[in-house]
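> If you scroll down you'll find the structure; I have some questions about it.
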Amino acid sequence: MSKNSFSYALANPLSVMLDKPAEDFQRADFFKIIEQKQIERLTFHYTALDGKLKELKLPVSNQDQADLILAEGERVDGSSLFKGMVDSALSDLYVVPVYKTAFLNPFDSRSLDFICRYLTRDGKRAPFAVDNILAKACDIFLENTDFEFHCLGELEFFLISEKELDIFPLGKRGYHESSPFVKSGNILNEMIRFLAQMTGAVKYAHSENGSIDCLQSELEEIRGKRAEQLEVEFQSKPVAEMADHLVLGRWLIRNVAYQHSCVATFLPKIEEGVPGNGMHFHLELKKNGQSHMLSSDGKLSEFALHLIGGLCEYADSLTAFGNTVSSSYLRLVPDQEAPTRIFWSNLNRDALIRVPLGWSFGPNLARILNPQAKDEGGKTESRQTVELRSPDGSALIHLLLAGLVMAAEWGFKDDRSLAVAKKLYTKREAIKNKKHLDAFPRLPASCVESSRILLKKRDLYERGGIFPAGIIEYVAKILKAEDDERISQKLQELPDEKRLKEARNIMHRYLHIH
C-alpha cells in the first residue's frame with residue numbers, strides 16, 4: 001500500500017510509519033515502532049466491570065521481553081476487576097493485546113498502548129468480561145440473522161473550567177455555537193485530533209445546548225465554575241469496535257481536559273433546566289458491507305422494522321445498562337428532548353427511537369448547489385440508521401450494546417416484532433397530544449424500578465448463555481443500592497430551595513461516572 005494512503009494529518013501515526021492499515025499489524029511491526037519512537041513501555045488497557053478503562057504499564061528493555069509481552073499478554077487480578085464475578089482463590093486472568101488497536105499514547109510519548117481482551121487459564125474468553133459478552137452476542141446475531149450489526153455512538157459531556165471575565169455570556173444557548181461565544185474550541189480540537197488518529201472513526205464534534213455561567217454545587221471541584229456542553233460523534237462501525245472506541249473516548253476526553261486544568265464529566269444531568277448528557281446510538285444492519293435499512297421504495301425495510309420491534313420489546317430493561325445512576329432519571333423527563341415513553345417516530349427527538357435523515361435522496365447532494373461540478377460523482381450507499389435516545393453518560397457501554405444486539409436478534413427471531421413496531425409507531429404531529437402519548441408504555445422512573453424490570457426480564461439476556469446470571473445480579477444490585485424510588489416525585493414535594501439543593505447533590509454525586 002502506498003504511503004499516500006496515509007498522507008492525511010489525522011491518519012493513524014502507526015499506519016503512516018508502517019505503511020499498512022491497523023488490521024494488518026504484526027508483532028514484528030511493533031519492534032520497529034519501539035526502536036523508532038524510543039518506546040520505554042507498553043501500556044495495556046481493558047474495560048472492567050465498572051465500565052472504566054484500566055491500565056497496566058509494562059517497561060520494555062529488549063526485544064525478547066517485548067516479544068514475550070506481545071505474544072502472551074500478562075496476568076491481572078480478576079477478583080479486583082470483576083468483584084463478585086471471580087473467586088479470589090482462582091482470580092488470575094490473562095490480558096492479551098489486540099494488535100489492530102495499537103496507538104501512541106498522546107499523554108506519554110514513551111508509551112505504545114493496546115486494548116486487551118480477558119482470557120481464562122484455559123485460553124478461552126472470560127465469559128463474565130463485558131467485552132467478551134458483547135463479542136458473543138455479535139457472533140450469535142451474525143449466525144442467526146446473517147447480518148452485521150453496526151452502530152455509531154455520541155459522547156456528550158460538560159467541560160468545566162475556571163470562570164473568567166466573559167463579555168459574550170452564552171446563557172443556555174449553545175447548539176453548534178462558534179467562538180467567541182463558546183470558549184472550548186481549541187480543547188475540543190485537541191480531543192478530536194487524538195481520537196481520530198487513535199480510532200479513525202470520528203465523524204464530527206460540536207458544542208451542544210447546555211451552558212452554565214456559574215455552577216452551583218457542594219463540590220469544591222466544580223463550584224462557581226463555567227460549564228460548556230460538547231459532543232463527539234463517531235462514524236458507524238461494527239458494534240464491538242464502537243464499544244472500545246467509546247470507552248477509549250471517555251478516557252481520552254477526561255485526560256485532555258485534565259491537561260488543560262479542566263474537568264470533563266459525562267454526568268446524565270448537571271443542573272435543572274439545562275440539557276443532560278445523553279449517549280445516543282445510531283444502529284444499522286449490513287450485509288457484505290451494504291446497508292439493508294431501506295427497501296427499494298426508499299422506506300424502512302422489513303429488516304429495520306424487525307430491529308425496531310426488538311428495541312421496543314427490550315426498551316424498559318435496557319435502562320438497567322444505559323441509565324445506571326439516580327440522576328439518569330432526572331434527565332428522562334418531558335420536554336427535554338429525552339424520552340419517557342416507548343414509541344418510535346420519524347425525525348422527532350422526543351421519541352425513544354428516532355428515524356433520522358439517511359441520505360436516501362440520491363448521490364452527490366452537492367450537485368444541487370454546485371452545478372459546475374456535475375461531472376464529479378458521489379457515493380450512492382444509504383446511511384440510514386435508527387437512533388436510540390434513552391441511554392446517557394452513565395451507561396455501561398459494552399453491556400448496553402450487548403443488550404442492543406440481543407434486542408435486534410430477538411426482533412429477527414420472534415414473529416411478534418413487526419406487530420410491536422407497528423403498534424408503537426406514532427406520527428410526528430401526534431407527539432404533542434399528551435393523551436395520545438400516555439397510551440404508550442413508559443420507561444422506568446428510577447434505578448430501583450430498572451432493577452426490578454431487569455430481574456423480571458432477565459431471560460431475555462441470559463438466553464443462549466450470553467449474559468451470565470452473575471452479571472444480571474450485579475447490575476440489579478448496584479441499581480437497587482441507589483434507593484431512588486419515586487425520586488422525581490419526592491423532589492417535587494420539597495420547597496424550591498431545598499429541592500434544588502437536594503437535586504444538585506443527587507446530580508453531582510457521581511461527577512466522574514464511568
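We label chains A, B, ... in the order they appear in the C-alpha cells, count residues from 1 in each chain, and number ligands from 1 in the order shown.
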Quick one: DSSP strand (DSSP E or B) residues in region 65-135 of chain A, as a ChimeraX atom specification?
/A:74-77,92-97,103-104,111-119,125
> Those residues with N, CA and C atoms, as a JSON list (two decimals), in the first residue's frame please?

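Contents of part-v7.json, freshly written:
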[["chain", "number", "residue", "atom", "x", "y", "z"],
["A", 74, "GLU", "N", -0.28, -10.54, 29.86],
["A", 74, "GLU", "CA", 0.17, -10.53, 31.25],
["A", 74, "GLU", "C", -0.98, -10.96, 32.15],
["A", 75, "ARG", "N", -0.65, -11.26, 33.42],
["A", 75, "ARG", "CA", -1.67, -11.66, 34.39],
["A", 75, "ARG", "C", -2.23, -10.43, 35.11],
["A", 76, "VAL", "N", -3.52, -10.48, 35.46],
["A", 76, "VAL", "CA", -4.13, -9.46, 36.30],
["A", 76, "VAL", "C", -5.03, -10.15, 37.32],
["A", 77, "ASP", "N", -5.41, -9.42, 38.35],
["A", 77, "ASP", "CA", -6.26, -9.95, 39.41],
["A", 77, "ASP", "C", -7.73, -9.77, 39.02],
["A", 92, "ASP", "N", -6.69, -15.22, 38.86],
["A", 92, "ASP", "CA", -5.84, -14.76, 37.77],
["A", 92, "ASP", "C", -6.57, -14.82, 36.43],
["A", 93, "LEU", "N", -6.40, -13.73, 35.66],
["A", 93, "LEU", "CA", -6.85, -13.68, 34.28],
["A", 93, "LEU", "C", -5.68, -13.21, 33.43],
["A", 94, "TYR", "N", -5.70, -13.60, 32.16],
["A", 94, "TYR", "CA", -4.74, -13.04, 31.20],
["A", 94, "TYR", "C", -5.36, -11.82, 30.53],
["A", 95, "VAL", "N", -4.57, -10.78, 30.33],
["A", 95, "VAL", "CA", -4.97, -9.69, 29.44],
["A", 95, "VAL", "C", -4.03, -9.74, 28.23],
["A", 96, "VAL", "N", -4.61, -9.90, 27.06],
["A", 96, "VAL", "CA", -3.85, -10.15, 25.84],
["A", 96, "VAL", "C", -4.17, -9.05, 24.82],
["A", 97, "PRO", "N", -3.15, -8.42, 24.23],
["A", 97, "PRO", "CA", -3.40, -7.26, 23.36],
["A", 97, "PRO", "C", -4.02, -7.64, 22.03],
["A", 103, "PHE", "N", -1.98, 2.14, 19.63],
["A", 103, "PHE", "CA", -1.90, 3.58, 19.40],
["A", 103, "PHE", "C", -0.78, 4.18, 20.24],
["A", 104, "LEU", "N", -0.27, 5.31, 19.78],
["A", 104, "LEU", "CA", 0.72, 6.07, 20.53],
["A", 104, "LEU", "C", -0.01, 6.91, 21.56],
["A", 111, "SER", "N", 5.22, 5.66, 25.43],
["A", 111, "SER", "CA", 4.35, 4.50, 25.61],
["A", 111, "SER", "C", 3.66, 4.11, 24.31],
["A", 112, "LEU", "N", 3.61, 2.81, 24.06],
["A", 112, "LEU", "CA", 2.83, 2.23, 22.97],
["A", 112, "LEU", "C", 1.69, 1.46, 23.63],
["A", 113, "ASP", "N", 0.45, 1.80, 23.29],
["A", 113, "ASP", "CA", -0.72, 1.31, 24.03],
["A", 113, "ASP", "C", -1.56, 0.36, 23.20],
["A", 114, "PHE", "N", -2.28, -0.52, 23.91],
["A", 114, "PHE", "CA", -3.15, -1.51, 23.27],
["A", 114, "PHE", "C", -4.44, -1.67, 24.09],
["A", 115, "ILE", "N", -5.54, -1.99, 23.39],
["A", 115, "ILE", "CA", -6.73, -2.51, 24.04],
["A", 115, "ILE", "C", -6.57, -4.03, 24.14],
["A", 116, "CYS", "N", -6.93, -4.60, 25.28],
["A", 116, "CYS", "CA", -6.75, -6.02, 25.50],
["A", 116, "CYS", "C", -8.08, -6.72, 25.72],
["A", 117, "ARG", "N", -8.05, -8.05, 25.61],
["A", 117, "ARG", "CA", -9.17, -8.90, 25.95],
["A", 117, "ARG", "C", -8.75, -9.81, 27.11],
["A", 118, "TYR", "N", -9.76, -10.26, 27.87],
["A", 118, "TYR", "CA", -9.50, -11.14, 29.01],
["A", 118, "TYR", "C", -9.64, -12.59, 28.58],
["A", 119, "LEU", "N", -8.62, -13.39, 28.92],
["A", 119, "LEU", "CA", -8.67, -14.83, 28.69],
["A", 119, "LEU", "C", -8.52, -15.57, 30.02],
["A", 125, "ARG", "N", -12.06, -16.98, 26.15],
["A", 125, "ARG", "CA", -12.53, -15.66, 26.55],
["A", 125, "ARG", "C", -13.29, -15.76, 27.88]]
> Could you give me, as JSON lines, a per-residue list for region 338-366 of chain A showing, wherever an atom lies at most 12 Å from an atom of region 271-284 of chain A, the closest pair of atoms and their distance in Å to one decimal, using only C-alpha atoms and sorting by chain then residue number from low to high?

{"residue": "A:Ala338", "atom": "CA", "partner": "A:Gly278", "partner_atom": "CA", "distance": 8.2}
{"residue": "A:Pro339", "atom": "CA", "partner": "A:Gly278", "partner_atom": "CA", "distance": 10.7}
{"residue": "A:Arg349", "atom": "CA", "partner": "A:His280", "partner_atom": "CA", "distance": 10.8}
{"residue": "A:Ala351", "atom": "CA", "partner": "A:His280", "partner_atom": "CA", "distance": 11.9}
{"residue": "A:Leu352", "atom": "CA", "partner": "A:His280", "partner_atom": "CA", "distance": 10.0}
{"residue": "A:Ile353", "atom": "CA", "partner": "A:His282", "partner_atom": "CA", "distance": 9.4}
{"residue": "A:Arg354", "atom": "CA", "partner": "A:His282", "partner_atom": "CA", "distance": 9.0}
{"residue": "A:Val355", "atom": "CA", "partner": "A:His282", "partner_atom": "CA", "distance": 9.2}
{"residue": "A:Pro356", "atom": "CA", "partner": "A:His282", "partner_atom": "CA", "distance": 9.1}
{"residue": "A:Leu357", "atom": "CA", "partner": "A:His282", "partner_atom": "CA", "distance": 11.5}
{"residue": "A:Gly358", "atom": "CA", "partner": "A:Glu284", "partner_atom": "CA", "distance": 10.8}
> Which residues come within 10 Å of region 4-21 of chain A, counting only C-alpha atoms, excluding same-chain residues fewer than 4 positions away, as number ranges by chain?
A: 25, 29-30, 32-33, 36, 100, 102-104, 112, 192-200
> When you draw a straight line from CA of Ala421 (chain A) to CA of Met293 (chain A), how long is it in Å?
14.6 Å
> Smallest atom-to-atom distance to Ser301 (chain A): which of A:Ile133, A:Ala201, A:Leu285, A:Ile212, using only C-alpha atoms?
A:Leu285
